[in-house]
Structure formats: C-alpha cells, structure tokens
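Note: the block below is protein-v1.pdb and it holds PDB, C-alpha atoms.
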```pdb
ATOM      1  CA  MET M   1       0.000   0.000   0.000
ATOM      2  CA  PRO M   2       1.468   3.404  -0.979
ATOM      3  CA  ALA M   3       2.781   5.581   1.833
ATOM      4  CA  THR M   4       0.632   8.526   2.903
ATOM      5  CA  ILE M   5       1.494  11.956   4.237
ATOM      6  CA  LYS M   6       0.475  10.637   7.661
ATOM      7  CA  ASP M   7       3.117   7.916   7.380
ATOM      8  CA  VAL M   8       5.756  10.492   6.451
ATOM      9  CA  ALA M   9       4.838  12.684   9.406
ATOM     10  CA  LYS M  10       5.026   9.733  11.818
ATOM     11  CA  ARG M  11       8.398   8.581  10.470
ATOM     12  CA  ALA M  12       9.845  12.124  10.564
ATOM     13  CA  GLY M  13       8.461  12.843  14.012
ATOM     14  CA  VAL M  14       6.619  15.992  12.928
ATOM     15  CA  SER M  15       3.024  17.027  12.391
ATOM     16  CA  ILE M  16       1.105  16.373   9.196
ATOM     17  CA  ALA M  17       0.776  20.154   8.826
ATOM     18  CA  THR M  18       4.581  20.529   8.816
ATOM     19  CA  VAL M  19       4.976  17.878   6.106
ATOM     20  CA  SER M  20       2.220  19.496   4.058
ATOM     21  CA  LYS M  21       3.813  22.917   4.421
ATOM     22  CA  MET M  22       7.189  21.688   3.188
ATOM     23  CA  ILE M  23       5.978  19.732   0.183
ATOM     24  CA  ASN M  24       3.840  22.699  -0.823
ATOM     25  CA  GLY M  25       6.851  25.024  -0.888
ATOM     26  CA  GLY M  26       6.645  26.573   2.561
ATOM     27  CA  ASN M  27       9.519  27.233   4.959
ATOM     28  CA  VAL M  28      10.138  24.736   7.755
ATOM     29  CA  LEU M  29      12.958  24.330  10.269
ATOM     30  CA  GLU M  30      16.096  22.859   8.721
ATOM     31  CA  ASP M  31      16.080  19.824  11.052
ATOM     32  CA  ASN M  32      12.459  19.135  10.136
ATOM     33  CA  ARG M  33      13.212  19.484   6.431
ATOM     34  CA  ILE M  34      16.018  16.939   6.645
ATOM     35  CA  ALA M  35      13.875  14.502   8.638
ATOM     36  CA  ILE M  36      10.947  14.847   6.206
ATOM     37  CA  GLU M  37      13.158  14.368   3.148
ATOM     38  CA  GLN M  38      14.683  11.254   4.731
ATOM     39  CA  ALA M  39      11.240   9.867   5.579
ATOM     40  CA  ILE M  40       9.989  10.542   2.045
ATOM     41  CA  GLU M  41      12.962   8.651   0.604
ATOM     42  CA  GLU M  42      12.697   5.722   3.012
ATOM     43  CA  LEU M  43       8.956   5.336   2.482
ATOM     44  CA  ASN M  44       9.158   6.024  -1.273
ATOM     45  CA  TYR M  45       6.394   8.582  -0.790
ATOM     46  CA  ARG M  46       5.058  10.149  -3.971
ATOM     47  CA  VAL M  47       3.041  13.346  -4.027
ATOM     48  CA  ASN M  48      -0.147  13.243  -6.101
ATOM     49  CA  THR M  49       0.515  16.517  -7.898
ATOM     50  CA  VAL M  50      -2.745  16.426  -9.855
ATOM     51  CA  ALA M  51      -4.868  16.080  -6.729
ATOM     52  CA  ARG M  52      -2.793  18.641  -4.855
ATOM     53  CA  GLY M  53      -3.075  21.109  -7.723
ATOM     54  CA  MET M  54      -6.872  20.774  -7.761
ATOM     55  CA  LYS M  55      -6.992  21.385  -4.008
ATOM     56  CA  THR M  56      -4.491  24.221  -3.744
ATOM     57  CA  ARG M  57      -4.967  25.720  -7.218
ATOM     58  CA  ARG M  58      -1.214  25.587  -7.633
ATOM     59  CA  SER M  59       0.624  23.656 -10.335
ATOM     60  CA  MET M  60       3.863  23.388  -8.298
ATOM     61  CA  THR M  61       5.784  24.364 -11.421
ATOM     62  CA  VAL M  62       7.985  27.386 -12.042
ATOM     63  CA  GLY M  63       8.986  28.708 -15.446
ATOM     64  CA  VAL M  64      12.635  29.582 -16.026
ATOM     65  CA  LEU M  65      13.218  31.762 -19.067
ATOM     66  CA  ILE M  66      16.667  32.643 -20.426
ATOM     67  CA  PRO M  67      17.812  33.974 -23.802
ATOM     68  CA  SER M  68      19.954  30.959 -24.722
ATOM     69  CA  LEU M  69      20.405  27.466 -23.336
ATOM     70  CA  ALA M  70      23.916  27.558 -24.806
ATOM     71  CA  ASP M  71      24.908  30.616 -22.771
ATOM     72  CA  TYR M  72      27.286  29.905 -19.892
ATOM     73  CA  TYR M  73      25.521  32.210 -17.438
ATOM     74  CA  GLY M  74      22.081  30.808 -18.127
ATOM     75  CA  VAL M  75      23.102  27.164 -17.930
ATOM     76  CA  SER M  76      25.145  27.724 -14.761
ATOM     77  CA  VAL M  77      22.457  29.592 -12.854
ATOM     78  CA  LEU M  78      19.834  27.039 -13.950
ATOM     79  CA  SER M  79      21.587  24.398 -11.867
ATOM     80  CA  SER M  80      21.288  26.465  -8.704
ATOM     81  CA  ILE M  81      17.682  27.449  -9.399
ATOM     82  CA  ASP M  82      16.603  23.871 -10.133
ATOM     83  CA  ARG M  83      18.245  22.623  -6.930
ATOM     84  CA  GLU M  84      16.392  25.192  -4.841
ATOM     85  CA  LEU M  85      13.070  24.518  -6.574
ATOM     86  CA  TYR M  86      13.422  20.780  -6.081
ATOM     87  CA  LYS M  87      13.946  21.255  -2.339
ATOM     88  CA  ARG M  88      10.566  22.995  -2.213
ATOM     89  CA  GLY M  89       8.774  20.350  -4.259
ATOM     90  CA  TYR M  90       8.618  22.384  -7.472
ATOM     91  CA  SER M  91       9.367  21.212 -10.980
ATOM     92  CA  THR M  92      10.613  23.518 -13.735
ATOM     93  CA  ILE M  93       9.632  24.359 -17.274
ATOM     94  CA  ILE M  94      12.750  25.729 -18.950
ATOM     95  CA  CYS M  95      12.497  27.899 -22.053
ATOM     96  CA  ASP M  96      14.794  30.055 -24.117
ATOM     97  CA  TYR M  97      13.894  32.952 -26.375
ATOM     98  CA  SER M  98      15.462  35.018 -29.115
ATOM     99  CA  GLU M  99      16.678  38.313 -27.682
ATOM    100  CA  THR M 100      16.758  39.760 -31.227
ATOM    101  CA  ASP M 101      13.075  38.928 -31.846
ATOM    102  CA  SER M 102      11.037  41.818 -30.458
ATOM    103  CA  ASP M 103       8.156  39.474 -29.621
ATOM    104  CA  GLY M 104      10.194  36.426 -28.608
ATOM    105  CA  ALA M 105      10.158  37.015 -24.856
ATOM    106  CA  ARG M 106       6.467  37.921 -24.747
ATOM    107  CA  MET M 107       5.497  34.774 -26.675
ATOM    108  CA  LYS M 108       7.464  32.521 -24.301
ATOM    109  CA  LEU M 109       5.985  34.294 -21.287
ATOM    110  CA  ASP M 110       2.531  33.607 -22.740
ATOM    111  CA  PHE M 111       3.524  29.957 -23.191
ATOM    112  CA  LEU M 112       4.527  29.646 -19.537
ATOM    113  CA  LEU M 113       1.397  31.413 -18.317
ATOM    114  CA  ASN M 114      -0.736  29.067 -20.433
ATOM    115  CA  LYS M 115       0.995  26.194 -18.609
ATOM    116  CA  GLN M 116      -0.294  27.773 -15.380
ATOM    117  CA  VAL M 117       3.108  28.088 -13.736
ATOM    118  CA  ASP M 118       3.029  29.455 -10.197
ATOM    119  CA  GLY M 119       5.902  31.849 -10.842
ATOM    120  CA  ILE M 120       8.714  32.729 -13.243
ATOM    121  CA  ILE M 121      12.441  33.404 -12.974
ATOM    122  CA  MET M 122      13.728  35.247 -16.029
ATOM    123  CA  GLN M 123      16.917  36.680 -17.505
ATOM    124  CA  PRO M 124      15.319  39.626 -19.337
ATOM    125  CA  ILE M 125      17.696  40.667 -22.103
ATOM    126  CA  ASN M 126      16.046  43.362 -24.258
ATOM    127  CA  VAL M 127      12.709  42.785 -22.519
ATOM    128  CA  ARG M 128      10.354  45.744 -22.407
ATOM    129  CA  LYS M 129       7.847  46.686 -19.749
ATOM    130  CA  LYS M 130       5.023  46.195 -22.251
ATOM    131  CA  ASP M 131       6.065  42.532 -22.637
ATOM    132  CA  LEU M 132       5.005  42.038 -19.005
ATOM    133  CA  VAL M 133       1.388  43.218 -19.346
ATOM    134  CA  ARG M 134      -0.102  39.734 -18.988
ATOM    135  CA  ILE M 135       2.205  38.927 -16.060
ATOM    136  CA  GLU M 136       0.823  41.978 -14.285
ATOM    137  CA  ALA M 137      -2.775  41.261 -15.275
ATOM    138  CA  GLU M 138      -2.636  37.701 -13.925
ATOM    139  CA  ASN M 139      -0.598  38.726 -10.870
ATOM    140  CA  THR M 140       2.004  36.018 -11.526
ATOM    141  CA  PRO M 141       5.152  36.443  -9.412
ATOM    142  CA  ILE M 142       8.314  36.975 -11.439
ATOM    143  CA  VAL M 143      11.938  37.540 -10.434
ATOM    144  CA  PHE M 144      14.594  38.832 -12.799
ATOM    145  CA  ILE M 145      18.207  37.694 -12.777
ATOM    146  CA  ASP M 146      21.341  39.202 -14.361
ATOM    147  CA  VAL M 147      19.534  42.421 -15.270
ATOM    148  CA  GLY M 148      16.290  44.065 -14.199
ATOM    149  CA  VAL M 149      13.568  45.662 -16.301
ATOM    150  CA  GLU M 150      13.473  49.373 -15.608
ATOM    151  CA  ASP M 151      10.335  50.628 -13.837
ATOM    152  CA  SER M 152       8.754  47.164 -13.957
ATOM    153  CA  GLY M 153       8.226  46.959 -10.192
ATOM    154  CA  TYR M 154       9.473  43.355  -9.917
ATOM    155  CA  ASP M 155      12.239  41.810  -7.834
ATOM    156  CA  SER M 156      15.656  41.453  -9.460
ATOM    157  CA  VAL M 157      18.907  39.739  -8.484
ATOM    158  CA  THR M 158      21.999  40.973 -10.282
ATOM    159  CA  ILE M 159      25.660  41.539  -9.521
ATOM    160  CA  ASP M 160      27.444  44.819  -8.961
ATOM    161  CA  ASN M 161      28.630  45.037 -12.576
ATOM    162  CA  GLU M 162      30.043  48.508 -12.173
ATOM    163  CA  GLY M 163      31.930  47.406  -9.079
ATOM    164  CA  ILE M 164      33.613  44.336 -10.601
ATOM    165  CA  SER M 165      34.600  46.243 -13.734
ATOM    166  CA  PHE M 166      36.081  49.032 -11.597
ATOM    167  CA  GLU M 167      37.941  46.491  -9.456
ATOM    168  CA  VAL M 168      39.461  44.635 -12.423
ATOM    169  CA  THR M 169      40.457  47.848 -14.213
ATOM    170  CA  GLU M 170      41.972  49.232 -11.014
ATOM    171  CA  HIS M 171      43.941  45.994 -10.584
ATOM    172  CA  LEU M 172      45.423  46.406 -14.060
ATOM    173  CA  LEU M 173      46.205  50.077 -13.478
ATOM    174  CA  GLN M 174      47.924  49.262 -10.201
ATOM    175  CA  ASN M 175      50.174  46.881 -12.131
ATOM    176  CA  GLY M 176      51.376  49.777 -14.286
ATOM    177  CA  HIS M 177      49.102  49.448 -17.327
ATOM    178  CA  LYS M 178      47.985  52.755 -18.847
ATOM    179  CA  ARG M 179      46.247  51.429 -21.958
ATOM    180  CA  VAL M 180      43.634  48.945 -20.807
ATOM    181  CA  GLY M 181      41.217  47.368 -23.266
ATOM    182  CA  LEU M 182      37.673  46.340 -22.353
ATOM    183  CA  MET M 183      35.488  43.852 -24.223
ATOM    184  CA  VAL M 184      31.786  43.820 -23.321
ATOM    185  CA  GLY M 185      28.400  43.167 -24.903
ATOM    186  CA  ALA M 186      26.196  45.438 -26.961
ATOM    187  CA  PRO M 187      25.573  49.002 -25.728
ATOM    188  CA  GLY M 188      22.171  49.814 -24.288
ATOM    189  CA  VAL M 189      22.042  46.672 -22.134
ATOM    190  CA  ARG M 190      22.200  47.539 -18.426
ATOM    191  CA  THR M 191      24.899  44.932 -17.748
ATOM    192  CA  THR M 192      27.108  46.341 -20.503
ATOM    193  CA  ASP M 193      26.523  49.949 -19.566
ATOM    194  CA  ASP M 194      27.345  49.345 -15.904
ATOM    195  CA  ARG M 195      30.586  47.538 -16.759
ATOM    196  CA  VAL M 196      31.641  50.362 -19.054
ATOM    197  CA  THR M 197      30.831  52.873 -16.304
ATOM    198  CA  GLY M 198      33.044  51.014 -13.823
ATOM    199  CA  TYR M 199      35.864  50.839 -16.363
ATOM    200  CA  HIS M 200      35.648  54.552 -17.118
ATOM    201  CA  ARG M 201      35.479  55.456 -13.419
ATOM    202  CA  ALA M 202      38.669  53.525 -12.642
ATOM    203  CA  LEU M 203      40.513  55.182 -15.527
ATOM    204  CA  MET M 204      39.381  58.685 -14.606
ATOM    205  CA  GLU M 205      40.255  58.220 -10.927
ATOM    206  CA  ALA M 206      43.751  57.295 -12.135
ATOM    207  CA  GLY M 207      43.898  60.456 -14.245
ATOM    208  CA  ILE M 208      43.511  58.643 -17.571
ATOM    209  CA  VAL M 209      41.084  59.898 -20.215
ATOM    210  CA  PRO M 210      39.127  56.889 -21.600
ATOM    211  CA  ASP M 211      39.910  56.076 -25.239
ATOM    212  CA  PRO M 212      36.724  54.840 -26.999
ATOM    213  CA  ALA M 213      38.866  52.788 -29.387
ATOM    214  CA  LEU M 214      39.954  50.598 -26.468
ATOM    215  CA  CYS M 215      36.379  49.555 -25.664
ATOM    216  CA  SER M 216      34.981  46.773 -27.870
ATOM    217  CA  MET M 217      31.172  46.646 -27.701
ATOM    218  CA  ILE M 218      29.641  44.119 -30.111
ATOM    219  CA  ASP M 219      27.836  41.315 -28.271
ATOM    220  CA  ILE M 220      28.785  38.599 -25.796
ATOM    221  CA  SER M 221      29.466  35.808 -28.305
ATOM    222  CA  GLU M 222      32.711  33.895 -28.714
ATOM    223  CA  GLU M 223      33.065  35.262 -32.249
ATOM    224  CA  SER M 224      32.863  38.818 -30.907
ATOM    225  CA  GLY M 225      35.610  37.963 -28.433
ATOM    226  CA  TYR M 226      37.793  36.739 -31.278
ATOM    227  CA  ILE M 227      37.109  39.788 -33.472
ATOM    228  CA  GLY M 228      37.389  42.226 -30.583
ATOM    229  CA  MET M 229      40.802  40.940 -29.495
ATOM    230  CA  ARG M 230      42.047  40.957 -33.072
ATOM    231  CA  ASN M 231      40.916  44.546 -33.518
ATOM    232  CA  LEU M 232      42.455  45.705 -30.254
ATOM    233  CA  LEU M 233      45.845  44.160 -30.997
ATOM    234  CA  SER M 234      45.787  45.523 -34.558
ATOM    235  CA  MET M 235      45.721  49.108 -33.284
ATOM    236  CA  LYS M 236      48.710  51.340 -33.956
ATOM    237  CA  ASN M 237      49.029  51.787 -30.195
ATOM    238  CA  PRO M 238      47.452  48.586 -28.785
ATOM    239  CA  PRO M 239      46.522  48.005 -25.151
ATOM    240  CA  THR M 240      49.015  46.306 -22.860
ATOM    241  CA  ALA M 241      46.193  44.664 -20.902
ATOM    242  CA  VAL M 242      42.642  43.525 -21.748
ATOM    243  CA  PHE M 243      39.613  42.654 -19.628
ATOM    244  CA  THR M 244      37.064  40.444 -21.399
ATOM    245  CA  ALA M 245      33.867  40.912 -19.378
ATOM    246  CA  GLY M 246      31.990  37.783 -20.439
ATOM    247  CA  HIS M 247      32.477  34.004 -20.570
ATOM    248  CA  ASP M 248      32.185  33.548 -24.336
ATOM    249  CA  LEU M 249      34.063  36.784 -24.998
ATOM    250  CA  THR M 250      36.918  35.341 -22.943
ATOM    251  CA  LEU M 251      36.942  32.091 -24.915
ATOM    252  CA  GLY M 252      36.968  33.937 -28.243
ATOM    253  CA  ALA M 253      39.752  36.260 -27.139
ATOM    254  CA  LEU M 254      41.879  33.345 -25.941
ATOM    255  CA  ARG M 255      41.325  31.560 -29.244
ATOM    256  CA  TYR M 256      42.620  34.563 -31.170
ATOM    257  CA  LEU M 257      45.638  34.966 -28.893
ATOM    258  CA  ASN M 258      46.554  31.310 -29.325
ATOM    259  CA  GLU M 259      46.165  31.438 -33.101
ATOM    260  CA  ALA M 260      48.193  34.658 -33.272
ATOM    261  CA  GLY M 261      50.957  33.161 -31.128
ATOM    262  CA  LYS M 262      50.548  35.836 -28.457
ATOM    263  CA  ARG M 263      51.790  34.881 -24.999
ATOM    264  CA  ILE M 264      50.028  35.717 -21.734
ATOM    265  CA  PRO M 265      51.273  37.765 -19.899
ATOM    266  CA  GLU M 266      54.490  38.453 -21.835
ATOM    267  CA  ASP M 267      52.743  39.902 -24.900
ATOM    268  CA  ILE M 268      49.450  40.924 -23.322
ATOM    269  CA  SER M 269      48.161  40.973 -19.745
ATOM    270  CA  PHE M 270      44.735  39.390 -19.586
ATOM    271  CA  VAL M 271      41.759  39.182 -17.223
ATOM    272  CA  GLY M 272      38.788  37.020 -18.188
ATOM    273  CA  PHE M 273      35.323  36.551 -16.745
ATOM    274  CA  GLU M 274      33.346  33.525 -15.474
ATOM    275  CA  THR M 275      35.679  30.953 -17.103
ATOM    276  CA  GLN M 276      36.706  29.367 -13.811
ATOM    277  CA  THR M 277      37.457  25.904 -15.205
ATOM    278  CA  VAL M 278      39.394  27.275 -18.175
ATOM    279  CA  ALA M 279      41.239  29.741 -15.940
ATOM    280  CA  ARG M 280      42.535  27.004 -13.679
ATOM    281  CA  ILE M 281      43.815  24.703 -16.434
ATOM    282  CA  TYR M 282      45.185  27.466 -18.656
ATOM    283  CA  HIS M 283      48.915  28.111 -18.370
ATOM    284  CA  PRO M 284      49.606  30.440 -16.801
ATOM    285  CA  LYS M 285      46.543  30.391 -14.553
ATOM    286  CA  LEU M 286      44.280  33.257 -15.583
ATOM    287  CA  THR M 287      43.084  36.077 -13.404
ATOM    288  CA  ILE M 288      39.278  36.211 -13.739
ATOM    289  CA  GLY M 289      36.200  37.986 -12.453
ATOM    290  CA  LEU M 290      33.692  35.616 -10.861
ATOM    291  CA  GLN M 291      29.941  35.953 -10.506
ATOM    292  CA  PRO M 292      28.381  34.344  -7.400
ATOM    293  CA  ILE M 293      26.283  32.056  -9.610
ATOM    294  CA  MET M 294      25.011  29.747  -6.867
ATOM    295  CA  GLU M 295      24.053  32.686  -4.669
ATOM    296  CA  ILE M 296      22.193  34.327  -7.550
ATOM    297  CA  GLY M 297      20.121  31.183  -8.090
ATOM    298  CA  ARG M 298      19.437  30.714  -4.366
ATOM    299  CA  THR M 299      18.449  34.347  -3.835
ATOM    300  CA  ALA M 300      16.190  34.500  -6.894
ATOM    301  CA  SER M 301      14.477  31.264  -5.875
ATOM    302  CA  GLU M 302      14.000  32.510  -2.306
ATOM    303  CA  PHE M 303      12.507  35.781  -3.548
ATOM    304  CA  LEU M 304      10.108  33.864  -5.788
ATOM    305  CA  PHE M 305       9.047  31.465  -3.008
ATOM    306  CA  GLU M 306       8.287  34.420  -0.758
ATOM    307  CA  ARG M 307       6.176  36.043  -3.466
ATOM    308  CA  MET M 308       4.314  32.833  -4.375
ATOM    309  CA  SER M 309       3.528  32.028  -0.744
ATOM    310  CA  GLY M 310       2.534  35.584   0.110
ATOM    311  CA  GLU M 311       5.234  35.792   2.796
ATOM    312  CA  TYR M 312       6.563  38.970   1.195
ATOM    313  CA  THR M 313       4.214  41.531  -0.321
ATOM    314  CA  LYS M 314       6.201  44.737  -0.030
ATOM    315  CA  SER M 315       7.755  46.809  -2.833
ATOM    316  CA  ALA M 316      10.210  45.313  -5.321
ATOM    317  CA  ARG M 317      13.689  44.328  -4.176
ATOM    318  CA  ASP M 318      16.700  45.104  -6.374
ATOM    319  CA  ILE M 319      19.714  43.320  -4.915
ATOM    320  CA  HIS M 320      23.247  43.613  -6.310
ATOM    321  CA  LEU M 321      25.486  40.754  -5.197
ATOM    322  CA  LYS M 322      29.229  41.288  -5.084
ATOM    323  CA  ALA M 323      31.409  39.647  -7.718
ATOM    324  CA  SER M 324      35.041  38.828  -6.951
ATOM    325  CA  ILE M 325      38.464  38.483  -8.566
ATOM    326  CA  GLU M 326      40.323  35.193  -8.555
ATOM    327  CA  LEU M 327      43.983  36.062  -9.043
ATOM    328  CA  GLY M 328      46.195  34.113 -11.403
ATOM    329  CA  ALA M 329      49.462  34.815 -13.188
ATOM    330  CA  SER M 330      48.089  36.417 -16.340
ATOM    331  CA  VAL M 331      48.810  40.049 -15.404
ATOM    332  CA  LEU M 332      52.359  41.304 -15.851
ATOM    333  CA  LYS M 333      53.498  44.201 -13.687
ATOM    334  CA  ILE M 334      55.113  46.872 -15.893
TER
END
```
Could you spell out this file's structure in structure tokens?
Amino acid sequence: MPATIKDVAKRAGVSIATVSKMINGGNVLEDNRIAIEQAIEELNYRVNTVARGMKTRRSMTVGVLIPSLADYYGVSVLSSIDRELYKRGYSTIICDYSETDSDGARMKLDFLLNKQVDGIIMQPINVRKKDLVRIEAENTPIVFIDVGVEDSGYDSVTIDNEGISFEVTEHLLQNGHKRVGLMVGAPGVRTTDDRVTGYHRALMEAGIVPDPALCSMIDISEESGYIGMRNLLSMKNPPTAVFTAGHDLTLGALRYLNEAGKRIPEDISFVGFETQTVARIYHPKLTIGLQPIMEIGRTASEFLFERMSGEYTKSARDIHLKASIELGASVLKI
C-alpha cells in the first residue's frame, strides 16, 4: 500500500501540517526538512501533484526563461535554481527565447502562463515593460536575474557590474598598465553599460582619459571575443592589458591569442570573466572575475518562493550581489 502523508509525518516525528507545508513550498525548520526528506525517501512517498493542484490551485511548477540554453551564465544559474526549486517540491519548465526577436520574450511568457506556472524566474535581455502586461494582469510572481527591467516593479537579483569592472580595471592600473582594453556586450544593455561605467570610473580616478577605441562593444558571443581581441591588438598603439567581461568573450579572445601566437602575460596581460574551469587549467593560470552564480540562483528562488507564498508583499527588491576576482598569473606588472 502506498505511503501517505500521515506515514511520512510519523516517520519524521513531525506534524502532518509541517509535512504538508514543506511539500507545498513553505519554509520549515532545517532539522524538520532533513527529517521529512529522509522519511519521504525511506517510504518512497510520492506526491499526487494532480490532486494537490486541484486542491491548492497551484501547479507546483515554475517557469525559467533565459535567452539561450547555450549561454554559460544561463546554464550555470539554472543548476542552482533547479536545486532550490526541487527542495521545495517544485518542478521547472525551462524555455529560451530570441533576444533579437522583439516578440520572442512575450510569446514565451505567454507559453509559460498558459501552462499555469506558479511563478517565473527570467533573464530579461532586451525585454520591455510592455512585454510584461499579462504577467501583471494575472498577478504572476516573477523575479529577474542578471539584469532588471526598468520601472517594472518586480524583484531582481543581479551583480554589482560597475563594481567588478572598476575592481578589475583598477587591478590592471595598479600593475602599471595605462592602456587597458575592455570587451563587453552590446551598448544599451544595463549589464554592458554598468561595466563600461566602472571601467571609465577607474581610468578617470587614475587620471587617464578613456579612449573609446579601447572599448569593444559588439555582443557577448565567442566570435565577438575573437574579433574584438584581433581589432584591439591591430591598433597602432594597442593596449598592454585587456579585460574580457563575459564568458564567451573570454573564450573567443583566448582563441585569437593562441592562433596569433601571443603569450600571456608576456605579450598581453589578460583578465577574463566567469571561465573558472578554463582559468585554472590554462597556463599560466588566468586572473578572472567571478559571478556568485550559486548565490544568484538561491536568492532569486528565495525571492520567488516568498512572493508565491505571500510571505513577502512589499515593494520590489533590487539586490546587487558582489562579484570577486580570482587572481592568477596572467597580469604582468610593468
């Protein structure tokens, strides 16, 4: 005979209400959560999601929407989000959308809403406030990651992009570099604009007038990293150091440097971004900027749970987590 929620509660040594609260996404004491999860596993308890959905009017699913399933950021943060959702008894519907299609995001949001998801976590690249009209009309909780949507009134979890760009640029300046190149995504995207602002601020505080030619702003693809590095090193007066502020940009830049026979740091000092695995196996070990990917996923999931459960109903939260630098041997002091 299949185990019941009563059996789980008895085995875990908690009340039926506590078990019900946890499997429906509510917060319980950590010791109780561990005991309930162990009891569920030992008893092979299976939640009847159809019956529960009819009773609670909740589907126990969350939509996760990112521009590309091939993008390093999106894939990495998905792992953290899915882990947090699973702990709360939620399943995920994962979608991507074309950030160059003006209606792509809205159509995928409609798709998720038609699936009656209880909430959405979204990386909103080039998303407009008008794309969120149905979200607002149906009062579906949504949390943005990586970048917010201006004046949307929804929670967002990003990093301090200006801060990490300032910190990396300052690090290069402190090592004697006067001509520092920056490779970022397309202008007009909040992430890009903030990183350029941090770069410019570090230069100006050091008494250096920013040279627009040293800032490559195409998009965040590997091909743009390749082209951007080639263009920077083809200048009459090239930079002595380059910061590639994106995972795929870093890979493309490294590919060009290898093909061109350029040595790091002898020919060019180099700081990458997000490529932790590559940085540690590359010789010499690369200095890189790191996003707190796991913390982003945990925080976004927590914000969404609080909105879905009604535990938090106040105004929108816009949190900027701190990124960090992992030092390697790819910056030469001059």
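Between M:Gly163 and the residues M:Ile120, M:Leu232, M:Ala323, M:Val331, the shortest atom-to-atom distance, using all atoms listed in the file, involves M:Ala323.
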Who sits within 9 Å of M:Gly153, only C-alpha atoms, same chain under 4 positions skipped, as an NGL selection string
:M and (149 or 315-317)
Option closest in space to M:Ile93, from M:Leu290, M:Val8, M:Ala137, M:Met60 [counting all atoms listed in the file]
M:Met60
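The two atoms in question, atom CA of M:Met235 and atom CA of M:Glu205, are spaced 24.8 Å apart.
Here the PyMOL selection byres ((chain M and resi 6) around 10) matches the residues Ala3, Thr4, Ile5, Asp7, Val8, Ala9, Lys10, Arg11, Ala12, Val14, Ser15, Ile16, Ala17, Val19 and Ser20 of chain M.
Near M:Val133, within 12 Å and counting only C-alpha atoms, sit Arg106, Met107, Leu109, Asp110, Leu113, Val127, Arg128, Lys129, Lys130, Asp131, Ile135, Glu136, Ala137, Glu138, Asn139, Thr140 and Ser152 of chain M, not including residues fewer than 2 positions from it in the same chain.
As for atom CA of M:Ile121 and atom CA of M:Asn161, they are spaced 19.9 Å apart.
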